[in-house]
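Working notes, structure below.
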Amino acid sequence: MSEAPLLEVDRLVTQYPVRRSLTGRLAREPRLTVHAVDGVSFSLARGEMLALVGESGCGKTSTAQTILRMVNSTSGTIRLNGTEITGLSQQQMRPLRRKLQMIYQDPYESLDPRFRVQDAVEEPMLVHGIGSSRAERRDLVISALERAGLVPAEQFLNRYPHELSGGQRQRVTIAAALVLDPDLLLADEPVSMLDVSVRAGVLSLLDGLRRDGDMGVLMITHDLSTAAHFADRIAVMYLGRIVEQGPARDVVRNPQHPYTRALLSVVPNRDPRQRSTPQILQGETPNPVDVPPGCRFHPRCPIAEPQCSIEDPFLRPPKATVAPDHEAACLLA
Amino acid sequence: MSLLEVDDLHVWFDLPRGGQVHAAAGVSFSLDPGERFGLVGESGCGKTTTILALMGLLPPNASLAGEVRVDGNNILAGGEDSVRAHRWTDIAMVFQGAMNALNPVKKIGWQIAEPMAFHGVAHGAAARRRAGELLELVGIPATAGERYPHEFSGGMRQRASIAMALACDPKILLADEPTTALDVMVQAQILDLLIRLSGDLGLALVLVTHDLPVVAQVCDRAAVMYAGEIVESGPMETLFHAPRHPYTRLLFAATPDLYGEDEVVSIPGAPPRLDRNRPGCPFRPRCDSAFEPCADQHPVLHAVGPGHEAACHLTRQPAGQAP
């Protein structure tokens with residue numbers, strides 16, 4: 001394996017300062033920071049889909065935003081095709097942005113209501129200076145729409161977003177990413193705003209793109225069932241850290257971290273005969289301003305031992321027999 | 001006689017430029033105390049319209065027909081006057097996004113006590129005491145009634161909204177997507193609470209959601225709605241293991257399962273527009289098993305098993321005779 005992975009994230013840290021009010025500053029209240037991403041490491045190969053799962057506030061969206069350089073990292077490295085991108089200026093980033101495309105959660109908001117489908121898909125090409133003539137760009141728009149499953153594409157070119165269903169809108173936003181021929185798609189909850197009956201179609205589209213198009217897909221989702229079905233690997237995040245990662249099947253069927261186990265136990269099963277006993281964790285995720293010492297999960301952990309409040313575990317292969325590349329950050333695993 | 005009987009309920013909305021949308025078309029179901037009933041379907045299928053009609057809270061451009069009986073009394077007979085006597089005291093509702101609709105400048109306890117005074121259930125200190133008890137009932141310390149909504153987490157605000165709905169001791173609780181905006185862990189806590197409330201208080205629960213697994217885990221019975229109609233209803237187990245309407249089967253097949261090995265497949269096409277009359281079965285254009293009668297004959301809901309009904313021509317086919 002001499003070739004560098006498509007994306008390599010190493011000990012990434014992103015912190016946001018908490019705004020203090022004027023009176024707070026005058027009273028010399030301590031400066032607080034939100035530890036949104038707190039030492040995240042993973043890699044993603046071409047043709048692979050990695051699902052970043054976790055509850056809201058766990059740092060999964062912040063991780064994606066940092067990779068896109070929408071926010072700056074505090075420390076750590078991000079390599080795209082082997083090139084370090086954390087230190088690049090916004091100007092140096094520009095040509096690379098073509099290679100990194102984001103798909104947002106809500107296609108009702110991410111499309112401009114006054115743009116026809118053709119304009120929405122053409123705009124990224126104008127920004128990046130792709131296509132020498134209007135006719136050439138039109139051809140590229142058509143082929144992107146077809147790749148996104150909007151066939152026949154000619155029928156969609158002149159439509160406005162309000163004339164499309166939710167699933168079709170999300171396909172338009174995917175086409176607008178595809179015209180730039182990206183290497184990596186970051187999809188932030190790509191189907192959670194869509195109706196159940198069309199979700200599978202959009203997910204299969206992403207699945208096909210990475211298989212045929214040699215693209216990497218980083219999917220951010222709170223839905224473990226979706227992740228289990230469509231991703232190759234799952235990384236479970238809790239309070240800014242990946243606490244477990246591995247092949248999707250293994251993480252779901254043989255979870256090693258107590259948080260993953262609890263999270264899996266509360267996913268409702270569609271078969272009413274299989275009423276599992278959910279292992280409900282008390283309380284909610286602590287505030288990322290105030291990360292607990294030791295293992296960040298220990299205050300809510302059902303099996304925590306005294307050492308857990310002192311020692312901060314890192315990702316490593318667990319003692320139990322698991323698939324290769326299956327790691328958990330738990331002192332007891 | 002059941003506690004709640006919805007009988008051939010129709011709701012039409014007048015459109016600003018003329019024409020009407022037939023948002024609920026002949027919805028019927030009944031509910032006993034302590035029973036948990038799910039109303040499932042995709043957006044625009046009429047599930048929220050149906051329960052807003054039960055509350056008498058439809059907007060002014062709506063007109064309706066049919067009966068809604070609570071303990072045998074038709075609460076829709078006299079319009080607003082007859083429904084007002086039952087709203088909150090007999091039927092209460094947790095609205096979609098209720099947790100984000102709390103008044104930010106009033107203490108939680110005050111907000112729970114207010115409807116009690118309005119409906120003459122309790123006043124002053126008695127109302128405040130009852131508000132505290134309700135908070136305890138939904139798993140929040142009574143003292144938290146002195147706090148403001150912004151001091152609560154999302155899960156706690158949703159619990160407080162449920163406590164508010166219970167203020168006037170209703171017999172029927174309608175919950176519209178009560179866990180949609182919540183994380184799975186908090187969702188599990190809220191669903192657990194709803195199950196407990198229906199058991200402990202004998203509350204009849206109508207759970208409205210697009211999320212089949214949630215209904216599967218919470219409800220005893222459910223109705224699947226499509227284009228304003230109930231297309232199949234029955235015990236939850238039957239709906240999952242032996243669905244008779246293709247839409248029910250396809251909806252389950254489109255729902256990923258944590259350990260499922262089956263391919264997850266979407267349903268092609270989109271639901272029909274509800275502003276025009278259409279012949280035949282509303283699901284026909286998306287159906288994988290449509291045959292001749294589906295094009296021009298409208299299927300009606302009929303019994304296909306014990307407590308199990310479906311509106312599909314296929315179920316009229318003699319066994320073994322494939323279309």
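Each chain of the structure tokens is named A, B, ... in the order shown, its residues numbered from 1; ligands are numbered from 1 in display order.
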Interface list for chain B, partner chain A, 7 Å threshold, only C-alpha atoms, as a PyMOL selection string | chain B and resi 42-43+183-185+188-189+212-214+216-217+236-237+240+251+254-258+264-267
Next, the residues of the selection above should be written as a CSV table (one decimal), in the first residue's frame with N, CA and C atoms.
chain,number,residue,atom,x,y,z
B,42,GLU,N,-46.2,9.0,4.9
B,42,GLU,CA,-45.3,10.0,4.5
B,42,GLU,C,-45.8,11.4,4.6
B,43,SER,N,-45.0,12.5,4.4
B,43,SER,CA,-45.5,13.8,4.6
B,43,SER,C,-46.6,14.0,3.5
B,183,ASP,N,-32.5,13.1,19.5
B,183,ASP,CA,-31.5,12.1,19.3
B,183,ASP,C,-32.1,10.7,19.8
B,184,VAL,N,-31.5,9.7,19.2
B,184,VAL,CA,-32.0,8.3,19.5
B,184,VAL,C,-32.1,8.0,21.0
B,185,MET,N,-31.1,8.5,21.8
B,185,MET,CA,-31.1,8.2,23.2
B,185,MET,C,-32.3,8.9,23.9
B,188,ALA,N,-35.6,7.3,22.9
B,188,ALA,CA,-35.9,6.1,23.6
B,188,ALA,C,-36.5,6.5,25.0
B,189,GLN,N,-36.0,7.6,25.6
B,189,GLN,CA,-36.5,8.0,26.9
B,189,GLN,C,-38.0,8.5,26.8
B,212,LEU,N,-41.6,4.2,10.9
B,212,LEU,CA,-42.2,2.9,11.2
B,212,LEU,C,-41.6,2.1,12.4
B,213,PRO,N,-40.3,2.1,12.5
B,213,PRO,CA,-39.8,1.4,13.7
B,213,PRO,C,-40.3,1.9,15.0
B,214,VAL,N,-40.5,3.2,15.1
B,214,VAL,CA,-41.0,3.8,16.3
B,214,VAL,C,-42.4,3.3,16.6
B,216,ALA,N,-43.6,0.5,15.5
B,216,ALA,CA,-43.5,-0.9,15.7
B,216,ALA,C,-43.2,-1.2,17.2
B,217,GLN,N,-42.3,-0.3,17.8
B,217,GLN,CA,-41.9,-0.6,19.1
B,217,GLN,C,-42.9,-0.1,20.2
B,236,MET,N,-50.0,-4.4,14.9
B,236,MET,CA,-48.6,-4.0,14.4
B,236,MET,C,-47.9,-5.3,13.9
B,237,GLU,N,-48.0,-6.4,14.6
B,237,GLU,CA,-47.3,-7.6,14.1
B,237,GLU,C,-47.8,-8.0,12.8
B,240,PHE,N,-46.4,-5.9,10.0
B,240,PHE,CA,-45.0,-6.1,9.6
B,240,PHE,C,-44.9,-7.5,9.0
B,251,LEU,N,-43.2,0.2,2.2
B,251,LEU,CA,-42.7,1.1,3.2
B,251,LEU,C,-41.8,0.4,4.1
B,254,ALA,N,-38.5,-0.1,2.5
B,254,ALA,CA,-37.7,1.1,2.3
B,254,ALA,C,-37.1,1.6,3.6
B,255,THR,N,-37.4,0.9,4.7
B,255,THR,CA,-36.9,1.3,6.0
B,255,THR,C,-35.7,0.4,6.4
B,256,PRO,N,-34.5,1.0,6.5
B,256,PRO,CA,-33.3,0.2,6.9
B,256,PRO,C,-33.4,-0.4,8.3
B,257,ASP,N,-32.9,-1.6,8.4
B,257,ASP,CA,-32.9,-2.2,9.7
B,257,ASP,C,-31.5,-2.5,10.1
B,258,LEU,N,-31.2,-2.3,11.4
B,258,LEU,CA,-29.9,-2.4,11.9
B,258,LEU,C,-29.2,-3.7,11.5
B,264,VAL,N,-32.4,-2.4,0.9
B,264,VAL,CA,-33.3,-1.4,1.2
B,264,VAL,C,-33.7,-0.7,-0.1
B,265,VAL,N,-35.0,-0.7,-0.5
B,265,VAL,CA,-35.4,-0.2,-1.8
B,265,VAL,C,-36.4,0.9,-1.6
B,266,SER,N,-36.2,2.0,-2.4
B,266,SER,CA,-37.1,3.1,-2.3
B,266,SER,C,-38.3,2.8,-3.2
B,267,ILE,N,-39.4,3.5,-2.9
B,267,ILE,CA,-40.6,3.4,-3.7
B,267,ILE,C,-40.6,4.4,-4.8
Residues near B:Gly132, cut-off 12 Å, only C-alpha atoms, skip fewer than 6 positions along chain, as a list in words |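 Here the answer would be Ile108, Gly109, Trp110, Gln111, Ile112, Ala113, Ala125, Ala126, Val138, Gly139, Ile140, Pro141, Ala142, Thr143, Ala144, Gly145, Glu146, Arg147, Ala160, Ala163, Met164 and Ala167 of chain B.
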Pick from A:Tyr259, A:Val141, A:Leu331, A:Pro313 nearest to A:Cys301, counting only C-alpha atoms | A:Tyr259
Who sits within 12 Å of A:Gly39, only C-alpha atoms, same chain under 2 positions skipped, as a tab-separated table (two decimals) with N, CA and C atoms, in the first residue's frame:
chain	number	residue	atom	x	y	z
A	9	VAL	N	-7.00	11.99	8.33
A	9	VAL	CA	-7.18	12.98	9.39
A	9	VAL	C	-6.44	12.46	10.61
A	10	ASP	N	-5.58	13.30	11.16
A	10	ASP	CA	-4.76	12.83	12.26
A	10	ASP	C	-4.83	13.79	13.45
A	11	ARG	N	-5.30	13.28	14.54
A	11	ARG	CA	-5.41	14.02	15.81
A	11	ARG	C	-5.95	15.44	15.61
A	12	LEU	N	-7.03	15.51	14.89
A	12	LEU	CA	-7.62	16.81	14.57
A	12	LEU	C	-8.32	17.40	15.79
A	13	VAL	N	-8.05	18.67	16.03
A	13	VAL	CA	-8.68	19.38	17.15
A	13	VAL	C	-9.28	20.68	16.62
A	14	THR	N	-10.53	20.93	16.91
A	14	THR	CA	-11.16	22.19	16.56
A	14	THR	C	-11.85	22.73	17.80
A	15	GLN	N	-11.45	23.94	18.16
A	15	GLN	CA	-12.06	24.55	19.34
A	15	GLN	C	-12.66	25.89	18.95
A	35	HIS	N	-14.87	22.37	23.01
A	35	HIS	CA	-14.00	21.37	22.40
A	35	HIS	C	-14.82	20.56	21.42
A	36	ALA	N	-15.08	21.15	20.23
A	36	ALA	CA	-16.00	20.52	19.29
A	36	ALA	C	-15.42	19.24	18.70
A	37	VAL	N	-14.17	19.34	18.26
A	37	VAL	CA	-13.47	18.16	17.75
A	37	VAL	C	-12.22	18.04	18.62
A	41	SER	N	-9.01	11.02	14.60
A	41	SER	CA	-8.13	10.45	13.58
A	41	SER	C	-8.88	9.38	12.80
A	42	PHE	N	-8.82	9.47	11.49
A	42	PHE	CA	-9.36	8.39	10.66
A	42	PHE	C	-8.83	8.57	9.26
A	59	GLY	N	-19.86	16.50	17.51
A	59	GLY	CA	-18.73	17.02	16.75
A	59	GLY	C	-18.62	16.47	15.35
A	63	THR	N	-16.38	18.24	12.45
A	63	THR	CA	-15.29	17.51	11.80
A	63	THR	C	-15.35	17.75	10.29
A	73	SER	N	-8.79	24.50	11.95
A	73	SER	CA	-8.48	23.56	13.01
A	73	SER	C	-7.56	24.24	14.01
A	74	THR	N	-7.57	23.75	15.24
A	74	THR	CA	-6.68	24.27	16.26
A	74	THR	C	-5.35	23.54	16.20
A	75	SER	N	-5.41	22.22	15.98
A	75	SER	CA	-4.18	21.45	15.76
A	75	SER	C	-4.54	20.17	15.03
A	76	GLY	N	-3.52	19.42	14.69
A	76	GLY	CA	-3.76	18.18	13.94
A	76	GLY	C	-3.59	18.41	12.45
A	77	THR	N	-3.65	17.32	11.69
A	77	THR	CA	-3.43	17.44	10.26
A	77	THR	C	-4.56	16.78	9.46
A	78	ILE	N	-4.79	17.35	8.27
A	78	ILE	CA	-5.72	16.78	7.31
A	78	ILE	C	-4.96	16.65	6.01
A	237	MET	N	-18.91	8.72	17.21
A	237	MET	CA	-18.33	9.85	17.93
A	237	MET	C	-19.09	10.15	19.21
A	238	TYR	N	-18.35	10.57	20.22
A	238	TYR	CA	-18.95	11.02	21.47
A	238	TYR	C	-18.13	12.17	21.99
A	239	LEU	N	-18.75	13.31	22.21
A	239	LEU	CA	-18.06	14.48	22.75
A	239	LEU	C	-16.74	14.79	22.05
A	240	GLY	N	-16.77	14.86	20.73
A	240	GLY	CA	-15.59	15.31	20.00
A	240	GLY	C	-14.54	14.27	19.73
A	241	ARG	N	-14.80	13.02	20.09
A	241	ARG	CA	-13.82	11.96	19.90
A	241	ARG	C	-14.47	10.78	19.19
A	242	ILE	N	-13.69	10.07	18.41
A	242	ILE	CA	-14.19	8.79	17.91
A	242	ILE	C	-13.96	7.76	19.01
A	243	VAL	N	-15.03	7.13	19.48
A	243	VAL	CA	-14.87	6.17	20.57
A	243	VAL	C	-14.79	4.74	20.07
A	312	ASP	N	-7.39	8.68	30.28
A	312	ASP	CA	-8.12	8.97	29.05
A	312	ASP	C	-7.77	7.90	28.01
A	313	PRO	N	-8.71	7.04	27.64
A	313	PRO	CA	-8.37	5.94	26.73
A	313	PRO	C	-8.21	6.43	25.28
A	314	PHE	N	-7.38	5.77	24.53
A	314	PHE	CA	-7.25	6.08	23.11
A	314	PHE	C	-7.73	4.89	22.30
A	315	LEU	N	-7.94	5.11	21.01
A	315	LEU	CA	-8.43	4.05	20.13
A	315	LEU	C	-7.37	2.97	19.98
A	329	ALA	N	-12.10	2.96	22.04
A	329	ALA	CA	-11.38	3.75	23.03
A	329	ALA	C	-12.04	3.52	24.38
Run DSSP on the backbone and grab whatever in stretch 3-76 of chain B lands in helix (DSSP H, G or I); send it over as number ranges by chain.
-> B: 47-55
Distance in Å - atom CA of A:Asp188 versus atom CA of A:Ile103 |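 Computing the Euclidean distance for atom CA of A:Asp188 and atom CA of A:Ile103 yields 6.1 Å.
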Tell me, as a PDB file with N, CA and C atoms, in the first residue's frame, which residues lie within 12 Å of A:Val117, counting only C-alpha atoms; anything in the same chain fewer than 2 positions away does not count.
ATOM      1  N   LEU A 111     -30.954  24.882  -2.073  1.00  0.00           N
ATOM      2  CA  LEU A 111     -31.134  25.322  -3.462  1.00  0.00           C
ATOM      3  C   LEU A 111     -31.785  26.699  -3.473  1.00  0.00           C
ATOM      4  N   ASP A 112     -31.280  27.582  -4.328  1.00  0.00           N
ATOM      5  CA  ASP A 112     -31.863  28.912  -4.458  1.00  0.00           C
ATOM      6  C   ASP A 112     -33.206  28.783  -5.181  1.00  0.00           C
ATOM      7  N   PRO A 113     -34.301  29.249  -4.547  1.00  0.00           N
ATOM      8  CA  PRO A 113     -35.618  29.044  -5.160  1.00  0.00           C
ATOM      9  C   PRO A 113     -35.776  29.740  -6.508  1.00  0.00           C
ATOM     10  N   ARG A 114     -34.918  30.750  -6.809  1.00  0.00           N
ATOM     11  CA  ARG A 114     -35.073  31.467  -8.078  1.00  0.00           C
ATOM     12  C   ARG A 114     -34.178  30.901  -9.172  1.00  0.00           C
ATOM     13  N   PHE A 115     -33.372  29.909  -8.828  1.00  0.00           N
ATOM     14  CA  PHE A 115     -32.493  29.288  -9.818  1.00  0.00           C
ATOM     15  C   PHE A 115     -33.185  28.077 -10.430  1.00  0.00           C
ATOM     16  N   ASP A 119     -29.340  26.329 -13.865  1.00  0.00           N
ATOM     17  CA  ASP A 119     -28.492  27.365 -13.272  1.00  0.00           C
ATOM     18  C   ASP A 119     -27.821  26.865 -11.993  1.00  0.00           C
ATOM     19  N   ALA A 120     -28.599  26.115 -11.201  1.00  0.00           N
ATOM     20  CA  ALA A 120     -28.054  25.625  -9.929  1.00  0.00           C
ATOM     21  C   ALA A 120     -26.877  24.689 -10.163  1.00  0.00           C
ATOM     22  N   VAL A 121     -26.972  23.871 -11.203  1.00  0.00           N
ATOM     23  CA  VAL A 121     -25.895  22.909 -11.458  1.00  0.00           C
ATOM     24  C   VAL A 121     -24.740  23.580 -12.209  1.00  0.00           C
ATOM     25  N   GLU A 122     -25.051  24.628 -12.976  1.00  0.00           N
ATOM     26  CA  GLU A 122     -24.012  25.300 -13.757  1.00  0.00           C
ATOM     27  C   GLU A 122     -23.155  26.227 -12.888  1.00  0.00           C
ATOM     28  N   GLU A 123     -23.773  26.790 -11.850  1.00  0.00           N
ATOM     29  CA  GLU A 123     -23.072  27.803 -11.067  1.00  0.00           C
ATOM     30  C   GLU A 123     -21.703  27.369 -10.547  1.00  0.00           C
ATOM     31  N   ARG A 138     -23.631  23.172 -20.714  1.00  0.00           N
ATOM     32  CA  ARG A 138     -24.953  22.544 -20.727  1.00  0.00           C
ATOM     33  C   ARG A 138     -24.813  21.017 -20.832  1.00  0.00           C
ATOM     34  N   VAL A 141     -23.821  19.756 -17.513  1.00  0.00           N
ATOM     35  CA  VAL A 141     -24.970  19.768 -16.602  1.00  0.00           C
ATOM     36  C   VAL A 141     -25.822  18.536 -16.857  1.00  0.00           C
ATOM     37  N   ILE A 142     -26.077  18.265 -18.141  1.00  0.00           N
ATOM     38  CA  ILE A 142     -26.929  17.121 -18.474  1.00  0.00           C
ATOM     39  C   ILE A 142     -26.300  15.815 -18.004  1.00  0.00           C
ATOM     40  N   ALA A 144     -24.213  15.394 -15.571  1.00  0.00           N
ATOM     41  CA  ALA A 144     -24.233  15.332 -14.102  1.00  0.00           C
ATOM     42  C   ALA A 144     -25.629  14.972 -13.604  1.00  0.00           C
ATOM     43  N   LEU A 145     -26.656  15.559 -14.220  1.00  0.00           N
ATOM     44  CA  LEU A 145     -28.023  15.241 -13.800  1.00  0.00           C
ATOM     45  C   LEU A 145     -28.322  13.764 -14.039  1.00  0.00           C
ATOM     46  N   LEU A 150     -31.431  11.821 -12.481  1.00  0.00           N
ATOM     47  CA  LEU A 150     -32.546  12.625 -12.970  1.00  0.00           C
ATOM     48  C   LEU A 150     -32.625  12.447 -14.486  1.00  0.00           C
ATOM     49  N   ALA A 153     -32.633  14.069 -18.401  1.00  0.00           N
ATOM     50  CA  ALA A 153     -32.154  15.304 -17.806  1.00  0.00           C
ATOM     51  C   ALA A 153     -32.789  16.539 -18.438  1.00  0.00           C
ATOM     52  N   GLU A 154     -33.061  16.480 -19.745  1.00  0.00           N
ATOM     53  CA  GLU A 154     -33.626  17.645 -20.437  1.00  0.00           C
ATOM     54  C   GLU A 154     -34.928  18.107 -19.793  1.00  0.00           C
ATOM     55  N   GLN A 155     -35.668  17.146 -19.235  1.00  0.00           N
ATOM     56  CA  GLN A 155     -36.950  17.514 -18.630  1.00  0.00           C
ATOM     57  C   GLN A 155     -36.791  18.293 -17.336  1.00  0.00           C
ATOM     58  N   PHE A 156     -35.605  18.231 -16.750  1.00  0.00           N
ATOM     59  CA  PHE A 156     -35.422  18.892 -15.460  1.00  0.00           C
ATOM     60  C   PHE A 156     -34.750  20.255 -15.593  1.00  0.00           C
ATOM     61  N   LEU A 157     -34.052  20.495 -16.721  1.00  0.00           N
ATOM     62  CA  LEU A 157     -33.210  21.680 -16.852  1.00  0.00           C
ATOM     63  C   LEU A 157     -33.919  22.977 -16.506  1.00  0.00           C
ATOM     64  N   ASN A 158     -35.158  23.122 -16.981  1.00  0.00           N
ATOM     65  CA  ASN A 158     -35.825  24.401 -16.809  1.00  0.00           C
ATOM     66  C   ASN A 158     -36.785  24.446 -15.633  1.00  0.00           C
ATOM     67  N   ARG A 159     -36.713  23.443 -14.775  1.00  0.00           N
ATOM     68  CA  ARG A 159     -37.633  23.453 -13.644  1.00  0.00           C
ATOM     69  C   ARG A 159     -37.044  24.232 -12.475  1.00  0.00           C
ATOM     70  N   TYR A 160     -37.955  24.742 -11.652  1.00  0.00           N
ATOM     71  CA  TYR A 160     -37.546  25.419 -10.423  1.00  0.00           C
ATOM     72  C   TYR A 160     -37.633  24.421  -9.265  1.00  0.00           C
ATOM     73  N   PRO A 161     -36.861  24.675  -8.181  1.00  0.00           N
ATOM     74  CA  PRO A 161     -36.900  23.734  -7.051  1.00  0.00           C
ATOM     75  C   PRO A 161     -38.317  23.427  -6.562  1.00  0.00           C
ATOM     76  N   HIS A 162     -39.218  24.420  -6.567  1.00  0.00           N
ATOM     77  CA  HIS A 162     -40.544  24.150  -5.997  1.00  0.00           C
ATOM     78  C   HIS A 162     -41.337  23.164  -6.849  1.00  0.00           C
ATOM     79  N   GLU A 163     -40.862  22.925  -8.074  1.00  0.00           N
ATOM     80  CA  GLU A 163     -41.560  21.957  -8.926  1.00  0.00           C
ATOM     81  C   GLU A 163     -41.021  20.543  -8.731  1.00  0.00           C
ATOM     82  N   LEU A 164     -40.056  20.402  -7.833  1.00  0.00           N
ATOM     83  CA  LEU A 164     -39.437  19.090  -7.644  1.00  0.00           C
ATOM     84  C   LEU A 164     -39.806  18.517  -6.287  1.00  0.00           C
ATOM     85  N   GLN A 168     -35.881  14.577  -5.511  1.00  0.00           N
ATOM     86  CA  GLN A 168     -35.327  15.160  -6.740  1.00  0.00           C
ATOM     87  C   GLN A 168     -34.446  16.356  -6.421  1.00  0.00           C
ATOM     88  N   ARG A 169     -34.868  17.174  -5.445  1.00  0.00           N
ATOM     89  CA  ARG A 169     -34.041  18.320  -5.069  1.00  0.00           C
ATOM     90  C   ARG A 169     -32.681  17.865  -4.570  1.00  0.00           C
ATOM     91  N   GLN A 170     -32.692  16.811  -3.721  1.00  0.00           N
ATOM     92  CA  GLN A 170     -31.413  16.370  -3.192  1.00  0.00           C
ATOM     93  C   GLN A 170     -30.545  15.836  -4.329  1.00  0.00           C
ATOM     94  N   ARG A 171     -31.153  15.226  -5.337  1.00  0.00           N
ATOM     95  CA  ARG A 171     -30.393  14.757  -6.492  1.00  0.00           C
ATOM     96  C   ARG A 171     -29.795  15.934  -7.271  1.00  0.00           C
ATOM     97  N   VAL A 172     -30.515  17.064  -7.310  1.00  0.00           N
ATOM     98  CA  VAL A 172     -29.965  18.247  -7.980  1.00  0.00           C
ATOM     99  C   VAL A 172     -28.726  18.740  -7.231  1.00  0.00           C
ATOM    100  N   THR A 173     -28.782  18.766  -5.897  1.00  0.00           N
ATOM    101  CA  THR A 173     -27.610  19.243  -5.153  1.00  0.00           C
ATOM    102  C   THR A 173     -26.435  18.272  -5.347  1.00  0.00           C
ATOM    103  N   ILE A 174     -26.750  16.986  -5.489  1.00  0.00           N
ATOM    104  CA  ILE A 174     -25.670  16.027  -5.739  1.00  0.00           C
ATOM    105  C   ILE A 174     -25.085  16.262  -7.137  1.00  0.00           C
ATOM    106  N   ALA A 175     -25.947  16.543  -8.114  1.00  0.00           N
ATOM    107  CA  ALA A 175     -25.461  16.841  -9.473  1.00  0.00           C
ATOM    108  C   ALA A 175     -24.565  18.073  -9.457  1.00  0.00           C
ATOM    109  N   ALA A 176     -24.942  19.072  -8.657  1.00  0.00           N
ATOM    110  CA  ALA A 176     -24.144  20.298  -8.588  1.00  0.00           C
ATOM    111  C   ALA A 176     -22.771  20.026  -7.982  1.00  0.00           C
TER     112      ALA A 176
END
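Picture a line from atom CA of B:Ala165 to atom CA of B:His210; it runs 21.6 Å.
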Mind pulling up the distance from atom CA of A:Asp38 to atom CA of A:Asn287?
->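 Computing it gives 13.1 Å between the two atoms.
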Skipping near chain neighbours, those fewer than 2 positions away, what residues fall within 10 Å of A:Pro286 using only C-alpha atoms, listed as a list in words?
-> Gly57, Cys58, Tyr238, Leu239, Gly283, Glu284, Pro288, Val289, Asp290, Val291, Pro292, Arg296, Phe297, Pro299 and Arg300 of chain A
Write out as a count of residues only all residues of stretch 69-318 of chain B that DSSP puts in strand (DSSP E) for this structure's backbone.
-> 39
Shell around B:Ile75 at 10 Å using only C-alpha atoms, local window under 2 positions removed, as a list in words |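 Once the adjacent positions are removed, what remains is Leu54, Met55, Gly56, Glu67, Val68, Arg69, Val70, Asp71, Gly72, Asn73, Ala77, Gly78, Gly79, Glu80, Asp81, Ser82, Val83, Arg84, Ala85, His86 and Arg87 of chain B.
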Tell me which protein, DNA and RNA residues are within 6 Å of A:Gly294, counting only C-alpha atoms, leaving out same-chain ones fewer than 3 positions away, and put them as a ChimeraX atom specification.
-> /A:308-312
